[in-house]
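Heads up, work-v7.txt below (compact mmCIF, C-alpha atoms):
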# COMPACT_ATOMS: atom_id res chain seq x y z
CA MET A 264 -7.90 9.35 -9.77
CA SER A 265 -6.09 8.01 -6.81
CA ARG A 266 -8.23 6.36 -4.17
CA LEU A 267 -6.20 8.00 -1.50
CA GLU A 268 -7.52 11.40 -2.53
CA ILE A 269 -11.05 10.42 -1.68
CA CYS A 270 -10.02 8.84 1.60
CA PRO A 271 -9.92 11.74 4.06
CA ARG A 272 -6.82 11.66 6.23
CA GLN A 273 -7.76 12.34 9.77
CA PRO A 274 -6.29 11.30 13.09
CA GLU A 275 -6.85 7.67 14.06
CA PRO A 276 -9.26 7.20 16.98
CA ALA A 277 -6.46 5.66 19.07
CA PRO A 278 -2.96 7.03 18.55
CA ALA A 279 -0.93 3.92 17.80
CA SER A 280 2.14 5.03 19.70
CA ASP A 281 0.13 5.55 22.89
CA LEU A 282 -1.20 2.03 22.76
CA ALA A 283 2.32 0.67 22.32
CA ALA A 284 3.54 2.69 25.29
CA LEU A 285 0.59 1.54 27.38
CA LEU A 286 1.39 -2.08 26.54
CA GLY A 287 4.91 -1.47 27.81
CA GLN A 288 3.41 -0.39 31.14
CA VAL A 289 1.06 -3.37 31.13
CA ALA A 290 4.07 -5.65 30.69
CA ARG A 291 5.28 -4.24 34.03
CA GLY A 292 2.07 -5.24 35.73
CA ASP A 293 0.31 -1.86 35.57
CA HIS A 294 -3.41 -2.57 35.99
CA ARG A 295 -4.40 1.05 35.37
CA ALA A 296 -2.60 1.01 32.01
CA PHE A 297 -4.42 -2.21 31.17
CA GLU A 298 -7.77 -0.50 31.75
CA LEU A 299 -6.81 2.03 29.07
CA VAL A 300 -5.62 -0.75 26.76
CA TYR A 301 -8.94 -2.50 27.34
CA ALA A 302 -10.81 0.67 26.44
CA GLU A 303 -8.95 0.85 23.11
CA LEU A 304 -8.95 -2.81 22.16
CA ALA A 305 -12.17 -4.31 23.54
CA ALA A 306 -14.39 -3.18 20.65
CA PRO A 307 -12.03 -4.16 17.80
CA VAL A 308 -11.29 -7.52 19.46
CA TYR A 309 -14.94 -8.28 20.21
CA GLY A 310 -16.06 -7.08 16.78
CA LEU A 311 -13.54 -9.27 14.98
CA VAL A 312 -14.22 -12.36 17.08
CA ARG A 313 -17.94 -11.90 16.64
CA GLN A 314 -17.55 -11.45 12.92
CA VAL A 315 -15.88 -14.87 12.73
CA LEU A 316 -17.86 -16.77 15.38
CA ARG A 317 -21.24 -15.01 15.00
CA ASP A 318 -22.58 -16.43 18.26
CA PRO A 319 -22.61 -13.53 20.78
CA ALA A 320 -22.10 -15.66 23.91
CA GLN A 321 -19.20 -17.56 22.40
CA SER A 322 -17.73 -14.36 21.03
CA GLU A 323 -17.83 -12.79 24.46
CA GLU A 324 -16.04 -15.78 25.95
CA VAL A 325 -13.31 -15.79 23.30
CA ALA A 326 -12.89 -11.99 23.39
CA GLN A 327 -12.38 -12.22 27.16
CA GLU A 328 -9.70 -14.87 26.66
CA VAL A 329 -7.97 -12.71 24.06
CA LEU A 330 -7.93 -9.60 26.24
CA LEU A 331 -6.59 -11.59 29.15
CA GLU A 332 -3.91 -12.97 26.82
CA VAL A 333 -2.98 -9.36 26.01
CA TRP A 334 -2.45 -8.80 29.74
CA ARG A 335 -0.52 -12.05 30.16
CA THR A 336 1.82 -11.70 27.20
CA ALA A 337 2.24 -7.91 26.96
CA SER A 338 5.98 -8.46 27.49
CA ARG A 339 6.08 -10.31 24.17
CA PHE A 340 4.84 -7.30 22.23
CA ASP A 341 7.74 -5.77 20.31
CA PRO A 342 6.96 -2.25 19.03
CA GLY A 343 9.70 -2.70 16.43
CA ARG A 344 7.77 -5.44 14.70
CA GLY A 345 4.34 -3.91 14.21
CA SER A 346 1.57 -1.88 15.79
CA ALA A 347 0.01 -2.81 19.11
CA ALA A 348 -3.43 -3.12 17.51
CA ALA A 349 -2.14 -5.52 14.85
CA TRP A 350 -0.43 -7.60 17.54
CA ALA A 351 -3.61 -7.91 19.60
CA LEU A 352 -5.87 -8.48 16.60
CA THR A 353 -3.57 -11.22 15.34
CA ILE A 354 -4.10 -13.03 18.64
CA ALA A 355 -7.86 -12.40 18.41
CA HIS A 356 -8.26 -13.70 14.87
CA ARG A 357 -6.17 -16.77 15.53
CA ARG A 358 -8.20 -17.62 18.63
CA ALA A 359 -11.50 -17.16 16.83
CA VAL A 360 -10.39 -19.29 13.90
CA ASP A 361 -9.05 -22.00 16.22
CA ARG A 362 -12.43 -22.08 17.93
CA VAL A 363 -14.32 -22.36 14.65
CA ARG A 364 -12.09 -25.15 13.35
CA ALA A 365 -12.08 -27.05 16.63
CA GLU A 366 -15.84 -27.07 16.68
CA ASN A 367 -16.20 -27.94 13.04
CA ALA A 368 -19.62 -26.34 13.30
CA CYS A 369 -21.44 -28.01 10.45
CA ALA A 370 -24.65 -26.04 10.74
CA ARG A 371 -22.82 -22.77 10.59
CA ARG A 372 -20.74 -23.96 7.65
CA GLU A 373 -23.75 -25.00 5.62
CA GLN A 374 -25.62 -21.84 6.33
CA LYS A 375 -22.72 -19.67 5.32
CA ALA A 376 -21.85 -21.82 2.33
CA ALA A 377 -25.32 -21.16 0.98
CA ASP A 378 -24.84 -17.45 1.31
CA PRO A 379 -21.26 -16.34 1.79
CA ALA A 380 -22.33 -12.80 2.54
CA ALA A 381 -24.71 -13.84 5.32
CA GLY A 382 -23.59 -12.82 8.75
CA GLU A 383 -22.22 -9.55 7.58
CA HIS A 384 -25.43 -7.66 8.04
CA ASP A 385 -26.29 -8.61 11.61
CA VAL A 386 -22.98 -7.30 12.82
CA ALA A 387 -22.87 -4.43 10.38
CA GLU A 388 -26.08 -3.10 11.85
CA VAL A 389 -24.40 -2.28 15.11
CA VAL A 390 -21.16 -1.12 13.59
CA ALA A 391 -20.71 2.57 13.98
CA VAL A 392 -19.83 4.06 10.62
CA THR A 393 -16.32 5.07 11.41
CA LEU A 394 -13.79 6.74 9.26
CA GLU A 395 -11.78 3.57 9.25
CA HIS A 396 -14.84 1.70 8.07
CA GLN A 397 -15.34 4.06 5.15
CA ARG A 398 -11.72 3.86 4.15
CA VAL A 399 -11.69 0.08 4.27
CA ARG A 400 -14.91 -0.08 2.29
CA ARG A 401 -13.53 2.19 -0.43
CA CYS A 402 -10.38 0.16 -0.67
CA LEU A 403 -12.31 -3.13 -0.72
CA ASP A 404 -14.39 -1.71 -3.56
CA GLY A 405 -11.17 -1.21 -5.50
CA LEU A 406 -10.41 -4.96 -5.53
CA THR A 407 -11.58 -7.48 -8.08
CA GLU A 408 -14.62 -9.43 -6.95
CA LEU A 409 -12.55 -12.59 -6.53
CA GLN A 410 -9.96 -10.80 -4.42
CA ARG A 411 -12.62 -9.18 -2.28
CA GLU A 412 -14.66 -12.33 -1.69
CA SER A 413 -11.56 -14.42 -0.98
CA ILE A 414 -10.33 -11.96 1.64
CA LYS A 415 -13.73 -11.53 3.27
CA LEU A 416 -14.39 -15.27 3.48
CA ALA A 417 -10.93 -15.94 4.89
CA TYR A 418 -10.71 -13.06 7.35
CA TYR A 419 -14.28 -12.28 8.36
CA GLY A 420 -15.59 -15.81 7.76
CA GLY A 421 -12.66 -17.72 9.24
CA TYR A 422 -12.47 -20.10 6.29
CA SER A 423 -9.25 -21.77 5.20
CA TYR A 424 -8.11 -21.09 1.63
CA PRO A 425 -9.14 -24.61 0.46
CA GLN A 426 -12.64 -23.91 1.83
CA VAL A 427 -12.63 -20.52 0.12
CA ALA A 428 -11.63 -22.22 -3.14
CA GLN A 429 -14.53 -24.63 -2.78
CA LEU A 430 -17.06 -21.93 -1.88
CA LEU A 431 -16.05 -19.79 -4.83
CA GLY A 432 -15.49 -22.69 -7.21
CA VAL A 433 -11.95 -21.73 -8.18
CA ALA A 434 -8.57 -23.47 -8.04
CA LEU A 435 -6.54 -23.56 -4.81
CA GLY A 436 -3.60 -21.73 -6.36
CA THR A 437 -5.89 -18.99 -7.62
CA VAL A 438 -7.27 -18.35 -4.14
CA LYS A 439 -3.81 -18.19 -2.55
CA THR A 440 -2.69 -15.72 -5.19
CA ARG A 441 -5.86 -13.58 -5.03
CA ILE A 442 -5.74 -13.36 -1.24
CA ARG A 443 -2.16 -12.19 -1.41
CA ASP A 444 -2.42 -9.70 -4.24
CA GLY A 445 -5.74 -8.43 -2.90
CA LEU A 446 -4.21 -7.74 0.50
CA VAL A 447 -1.21 -6.09 -1.11
CA ARG A 448 -3.58 -3.81 -3.00
CA MET A 449 -5.49 -3.03 0.22
CA ARG A 450 -2.21 -2.23 1.93
CA ASP A 451 -1.26 0.22 -0.79
CA CYS A 452 -4.75 1.76 -0.96
CA MET A 453 -4.88 2.39 2.78
CA ALA A 454 -1.28 3.61 2.74
CA VAL A 455 -0.39 1.20 5.50
CA THR A 456 3.19 1.68 6.49
CA TRP A 457 5.18 -0.84 8.38
CA MET B 266 4.81 -33.13 -0.02
CA LYS B 267 6.98 -30.08 0.50
CA ALA B 268 5.90 -26.84 -1.07
CA SER B 269 8.41 -25.04 -3.27
CA GLN B 270 9.83 -21.69 -2.15
CA ASP B 271 7.58 -19.83 -4.60
CA ASP B 272 4.52 -21.63 -3.32
CA LEU B 273 5.52 -20.64 0.18
CA HIS B 274 6.02 -17.00 -0.68
CA VAL B 275 2.54 -16.74 -2.12
CA LEU B 276 1.20 -17.96 1.25
CA THR B 277 2.01 -14.63 2.98
CA GLY B 278 -1.60 -13.46 2.54
CA SER B 279 -3.24 -16.72 3.60
CA TYR B 280 -0.87 -16.95 6.57
CA VAL B 281 -1.79 -13.47 7.77
CA LEU B 282 -5.52 -14.29 7.46
CA ASP B 283 -5.07 -17.61 9.33
CA ALA B 284 -6.42 -19.39 6.26
CA ILE B 285 -3.83 -22.18 6.24
CA SER B 286 -3.60 -25.51 8.05
CA ASP B 287 -1.43 -26.02 11.13
CA ALA B 288 1.08 -28.04 9.10
CA GLU B 289 1.37 -25.32 6.48
CA ARG B 290 1.72 -22.68 9.16
CA GLU B 291 4.58 -24.60 10.73
CA GLU B 292 6.34 -24.94 7.41
CA PHE B 293 5.72 -21.31 6.52
CA GLU B 294 7.06 -20.07 9.85
CA ARG B 295 10.25 -22.05 9.30
CA HIS B 296 10.51 -20.45 5.87
CA LEU B 297 9.96 -16.97 7.37
CA GLN B 298 13.15 -17.24 9.40
CA TYR B 299 15.20 -17.41 6.23
CA CYS B 300 13.14 -15.06 4.06
CA PRO B 301 13.42 -11.43 5.20
CA ALA B 302 11.35 -10.31 2.20
CA CYS B 303 8.48 -12.59 3.29
CA GLU B 304 8.78 -11.37 6.85
CA ALA B 305 8.56 -7.75 5.73
CA GLU B 306 5.55 -8.52 3.58
CA VAL B 307 3.87 -10.36 6.46
CA ARG B 308 4.29 -7.30 8.68
CA GLY B 309 2.66 -4.98 6.19
CA LEU B 310 -0.19 -7.39 5.49
CA ARG B 311 -0.76 -7.87 9.24
CA GLU B 312 -1.26 -4.16 9.63
CA THR B 313 -3.62 -4.27 6.66
CA ALA B 314 -5.66 -7.10 8.19
CA ALA B 315 -5.82 -5.12 11.44
CA ARG B 316 -7.53 -2.30 9.51
CA LEU B 317 -10.11 -4.78 8.26
CA ALA B 318 -10.77 -5.66 11.90
CA LEU B 319 -10.90 -2.05 13.12
CA ALA B 320 -13.59 -1.40 10.52
CA ARG B 321 -15.78 -3.99 12.22
CA ALA B 322 -15.32 -2.86 15.82
CA VAL B 323 -18.37 -3.55 18.01
CA PRO B 324 -18.54 -2.56 21.70
CA PRO B 325 -18.75 -5.70 23.83
CA PRO B 326 -21.33 -6.10 26.60
CA ALA B 327 -20.41 -3.85 29.52
CA ARG B 328 -20.14 -6.79 31.95
CA MET B 329 -17.08 -8.05 30.08
CA GLU B 330 -14.83 -5.28 31.35
CA GLN B 331 -15.13 -6.13 35.04
CA ARG B 332 -14.62 -9.81 34.29
CA VAL B 333 -11.45 -9.22 32.33
CA LEU B 334 -10.07 -6.68 34.80
CA ALA B 335 -10.79 -9.01 37.71
CA ALA B 336 -9.11 -11.90 35.90
CA THR B 337 -5.89 -9.89 35.48
CA TYR B 338 -5.45 -10.00 39.25
CA ARG B 339 -5.47 -13.79 39.13
CA THR B 340 -3.31 -14.16 36.03
CA ARG B 341 0.44 -14.26 36.18
CA GLN B 342 2.20 -12.39 33.39
CA VAL B 343 5.02 -13.56 31.17
CA PRO B 344 7.97 -11.83 32.85
CA LEU B 345 9.81 -8.82 31.49
CA LEU B 346 13.31 -7.73 32.43
CA PRO B 347 14.61 -4.17 32.20
CA ARG B 348 14.82 -3.27 28.55
CA ASP B 349 18.50 -2.32 28.61
CA GLN B 350 19.41 -5.77 29.85
CA VAL B 351 17.24 -7.37 27.24
CA ARG B 352 18.77 -5.24 24.51
CA ALA B 353 22.29 -6.05 25.66
CA ALA B 354 21.54 -9.74 25.46
CA ARG B 355 19.97 -9.53 22.04
CA LYS B 356 22.48 -10.69 19.52
CA PHE B 357 19.85 -11.27 16.85
CA PRO B 358 17.14 -8.77 17.71
CA ARG B 359 14.67 -10.07 15.14
CA ARG B 360 15.05 -13.68 16.04
CA LEU B 361 15.57 -13.62 19.74
CA GLY B 362 12.41 -13.06 21.71
CA ILE B 363 12.34 -11.12 24.90
CA LEU B 364 11.81 -14.26 26.92
CA ALA B 365 14.91 -16.06 25.73
CA ALA B 366 16.97 -12.97 26.29
CA ALA B 367 15.42 -12.36 29.67
CA ALA B 368 15.89 -15.95 30.74
CA SER B 369 19.52 -16.18 29.70
CA VAL B 370 20.29 -12.81 31.22
CA ALA B 371 18.67 -13.84 34.47
CA ALA B 372 20.59 -17.10 34.47
CA ALA B 373 23.87 -15.38 33.69
CA VAL B 374 23.38 -12.77 36.37
CA ALA B 375 22.41 -15.39 38.90
CA LEU B 376 25.52 -17.43 38.23
CA GLY B 377 27.92 -14.56 38.37
CA VAL B 378 29.74 -12.26 36.03
CA SER B 379 32.66 -14.67 35.63
CA GLN B 380 30.52 -16.88 33.48
CA LEU B 381 29.22 -14.13 31.22
CA SER B 382 32.03 -14.78 28.76
CA THR B 383 30.69 -18.28 28.28
CA GLN B 384 27.34 -16.72 27.52
CA HIS B 385 28.90 -15.02 24.53
CA GLN B 386 30.38 -18.24 23.24
CA LEU B 387 26.92 -19.67 22.67
CA ASP B 388 26.68 -21.77 19.63
CA ARG B 389 24.69 -19.76 17.10
CA ALA B 390 22.63 -22.63 15.82
CA ARG B 391 21.50 -23.50 19.31
CA GLU B 392 20.69 -19.92 20.09
CA SER B 393 18.54 -19.51 17.02
CA ALA B 394 16.80 -22.80 17.85
CA ILE B 395 15.98 -21.39 21.27
CA ALA B 396 14.75 -18.15 19.73
CA ARG B 397 12.53 -20.11 17.37
CA VAL B 398 10.78 -21.81 20.28
CA VAL B 399 10.33 -18.60 22.25
CA ASP B 400 9.02 -16.75 19.21
CA ALA B 401 6.65 -19.56 18.18
CA PRO B 402 3.07 -18.27 18.08
CA ASP B 403 1.94 -21.14 20.29
CA ALA B 404 4.75 -20.73 22.85
CA ARG B 405 3.56 -21.05 26.44
CA ALA B 406 5.60 -20.17 29.50
CA GLU B 407 5.40 -21.83 32.94
CA THR B 408 7.49 -20.84 35.94
CA ALA B 409 7.88 -22.82 39.16
CA ARG B 410 9.84 -22.20 42.35
CA THR B 411 12.46 -24.82 43.12
CA SER B 412 13.18 -26.33 46.52
CA ALA B 413 16.81 -25.28 45.90
CA GLY B 414 15.72 -21.63 45.81
CA GLY B 415 15.15 -19.54 42.70
CA SER B 416 12.91 -20.71 39.92
CA VAL B 417 12.79 -22.63 36.68
CA THR B 418 11.00 -21.33 33.59
CA VAL B 419 9.91 -23.56 30.73
CA VAL B 420 8.83 -22.06 27.40
CA ALA B 421 7.34 -24.78 25.21
CA SER B 422 5.93 -24.90 21.69
CA ALA B 423 3.63 -27.82 20.96
CA ALA B 424 3.98 -27.20 17.22
CA LEU B 425 7.78 -27.39 17.34
CA ARG B 426 7.77 -30.11 20.03
CA GLU B 427 10.57 -28.26 21.76
CA ALA B 428 11.00 -26.52 25.08
CA VAL B 429 13.47 -23.97 26.43
CA VAL B 430 14.41 -24.46 30.08
CA SER B 431 15.97 -21.62 32.08
CA THR B 432 16.86 -21.55 35.74
CA THR B 433 17.61 -18.64 37.96
CA GLY B 434 18.67 -18.15 41.55
CA MET B 435 19.13 -21.81 42.49
CA ALA B 436 21.59 -22.54 45.33
CA SER B 437 25.16 -23.26 44.24
CA LEU B 438 26.10 -26.91 44.61
CA PRO B 439 29.20 -28.43 46.16
CA SER B 440 31.81 -29.50 43.63
CA GLY B 441 31.01 -32.92 42.26
CA ARG B 442 27.30 -32.11 42.02
CA VAL B 443 25.31 -30.63 39.13
CA TYR B 444 21.74 -29.72 38.31
CA GLN B 445 20.38 -31.95 35.56
CA VAL B 446 17.22 -31.31 33.49
CA TRP B 447 14.83 -34.12 32.51
CA VAL B 448 11.93 -34.55 30.15
CA ILE B 449 9.46 -36.70 32.06
CA SER B 450 6.84 -38.59 30.05
CA PRO B 451 4.68 -41.62 30.88
CA SER B 452 7.48 -43.83 29.52
CA GLY B 453 10.06 -42.43 31.95
CA ALA B 454 12.61 -39.63 32.25
CA ARG B 455 15.30 -38.77 29.73
CA SER B 456 18.06 -36.23 30.18
CA ALA B 457 17.81 -32.83 28.47
CA GLY B 458 21.28 -31.86 29.67
CA LEU B 459 23.06 -30.21 32.59
CA VAL B 460 22.34 -26.72 33.84
CA HIS B 461 25.24 -24.49 32.94
CA ASP B 462 25.01 -20.79 32.46
CA THR B 463 22.37 -20.51 29.76
CA SER B 464 19.03 -21.85 28.64
CA LEU B 465 18.70 -25.48 27.62
CA LEU B 466 16.82 -26.70 24.58
CA ALA B 467 14.80 -29.89 25.10
CA SER B 468 13.59 -31.71 21.97
CA ALA B 469 10.71 -34.10 21.31
CA VAL B 470 8.68 -32.52 24.10
CA VAL B 471 4.92 -32.96 23.80
CA PRO B 472 2.03 -31.51 25.80
CA GLY B 473 1.53 -33.60 28.94
CA ASP B 474 5.27 -34.07 29.45
CA ARG B 475 6.87 -32.45 32.46
CA ILE B 476 10.27 -30.87 32.90
CA GLY B 477 12.13 -31.86 36.08
CA VAL B 478 15.37 -30.66 37.64
CA THR B 479 17.42 -32.91 39.95
CA VAL B 480 20.80 -32.76 41.70
CA GLU B 481 23.14 -35.39 40.25
CA PRO B 482 26.81 -36.37 40.38
CA ALA B 483 29.15 -34.30 38.16
CA GLY B 484 28.78 -35.24 34.52
CA GLY B 485 25.16 -36.21 34.99
CA THR B 486 23.48 -39.59 35.03
CA ALA B 487 21.35 -41.64 32.63
CA ARG B 488 18.38 -41.66 34.99
CA PRO B 489 17.41 -39.36 37.87
CA THR B 490 18.82 -40.58 41.20
CA THR B 491 17.30 -37.95 43.51
CA ASN B 492 13.93 -36.33 44.01
CA PRO B 493 13.46 -33.33 41.73
CA VAL B 494 13.92 -29.83 43.15
CA ALA B 495 11.27 -28.68 40.66
CA VAL B 496 8.78 -30.18 38.23
CA VAL B 497 7.09 -27.97 35.61
CA PRO B 498 4.21 -29.15 33.40
CA VAL B 499 4.56 -28.50 29.67
For the file at hand, write its structure as structure tokens.
Amino acid sequence: MSRLEICPRQPEPAPASDLAALLGQVARGDHRAFELVYAELAAPVYGLVRQVLRDPAQSEEVAQEVLLEVWRTASRFDPGRGSAAAWALTIAHRRAVDRVRAENACARREQKAADPAAGEHDVAEVVAVTLEHQRVRRCLDGLTELQRESIKLAYYGGYSYPQVAQLLGVALGTVKTRIRDGLVRMRDCMAVTW
Amino acid sequence: MKASQDDLHVLTGSYVLDAISDAEREEFERHLQYCPACEAEVRGLRETAARLALARAVPPPARMEQRVLAATYRTRQVPLLPRDQVRAARKFPRRLGILAAAASVAAAVALGVSQLSTQHQLDRARESAIARVVDAPDARAETARTSAGGSVTVVASAALREAVVSTTGMASLPSGRVYQVWVISPSGARSAGLVHDTSLLASAVVPGDRIGVTVEPAGGTARPTTNPVAVVPV
């Protein structure tokens, strides 16, 4: 049975094209359009940054920087190269990961190394169970355990692939390959088109 | 040690998840420019990663909104030119970022239509080098007014150690005089070339350097001989 059949297709919460058009207005200095962009992106940006950084105060600070960067560089967004959400979330993830690596937060590393799944629950508690969430969960469930853990540690945990290899006790090349083929499988499962 | 092409291709996933080192990212981004298949895969995987993020959305504290909105009034934006002009200037739409196009269009318009033909004679290698800087993920833009009118914009990438310098609206000079661009570091100033009709590419530029523009005798000089009309930090 195809996974797609059990993933209900319903409208996205934020129509992607609207967000792209709004960003075009933001690039022209439209503060009102930015308020609408903020309304769409603040929760995904904050949620992602918090997932990686875990510390709420730090996450708030970084999320603010990211959203301001969206304002500052809206002219660099090219709707021909991807969705507006992916553009903004790429900035957000990169910033969060840069912060983690710059700090080299040993305590956090050790804690998470002991339990790679730790940190998921505190955030998950406040996550509204959205349609997107269900779809992602179903598709994640369709991966092999190694694919799933590699992707979660890298994306949600902010770990580099050598760190992921160490945490999971597998070879570097294996992790690189599993991250890639796992993401490709996610892409196909969620019917991502770009 | 250089990674083989196959090794690089398998990095698409780790690149999208920011799970690679800065050095690997630099190498991979160079590879991306010559690998349309990798670029296409990166786009799809980026959208996929975005879904992973959307699934973890959490509303931020309410106080954040006013802070961010207030900050937008103090934060200058990376400029945008009318889209038709940008499109017209885009010879390589995928490679050439809006900024490079905008900057060269602005420069060409400022210097008059007669020089537009020169614009089209741009050496391709140089143009793609400029596009690479402007499209670099760590590219930062700074604009400063010049005392000769108009402004100078510097887009720099610390990872690539290169900067693109564009001027617009500066006063025309008497014959026998030119605008010359300098990379100013603690060890002194070295020439990055003369201002003609398009953007200039300055190499071996590191954070902390400054970009200066001076008026010099035709042909340029080895060292600046006048006070700069503008200095822009990198």
Exercise. Have a look at A:Gly445, A:Gly420, A:Gly345, A:Gly436 and name the one nearest to Gln314 in chain A; count only C-alpha atoms.
Key: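 When distances to Gln314 in chain A are compared using only C-alpha atoms, the smallest one comes from A:Gly420.
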In Å to one decimal, how far is CA of Ala349 in chain A from CA of Glu289 in chain B?
->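 Distance reported for this atom pair: 21.8 Å.
Residues having any atom no farther than 10 Å from (6.3, -27.3, 21.1) (counting only C-alpha atoms) are Val398, Val399, Ala401, Asp403, Ala404, Arg405, Val420, Ala421, Ser422, Ala423, Ala424, Leu425, Arg426, Glu427, Ala428, Val429, Ala467, Ser468, Ala469, Val470, Val471, Pro472 and Val499 of chain B.
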Compute the chain B side of the contact with chain A at 9 Å, counting only C-alpha atoms, and hand it back as a PyMOL selection string.
chain B and resi 272+275-279+281-286+305-306+308-326+329-330+332-334+336-338+340-346+359+362-364+400+402
CA of Arg397 in chain B to CA of Gly477 in chain B: how many Å, to one decimal?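 Going from CA of Arg397 in chain B over to CA of Gly477 in chain B covers 22.1 Å.
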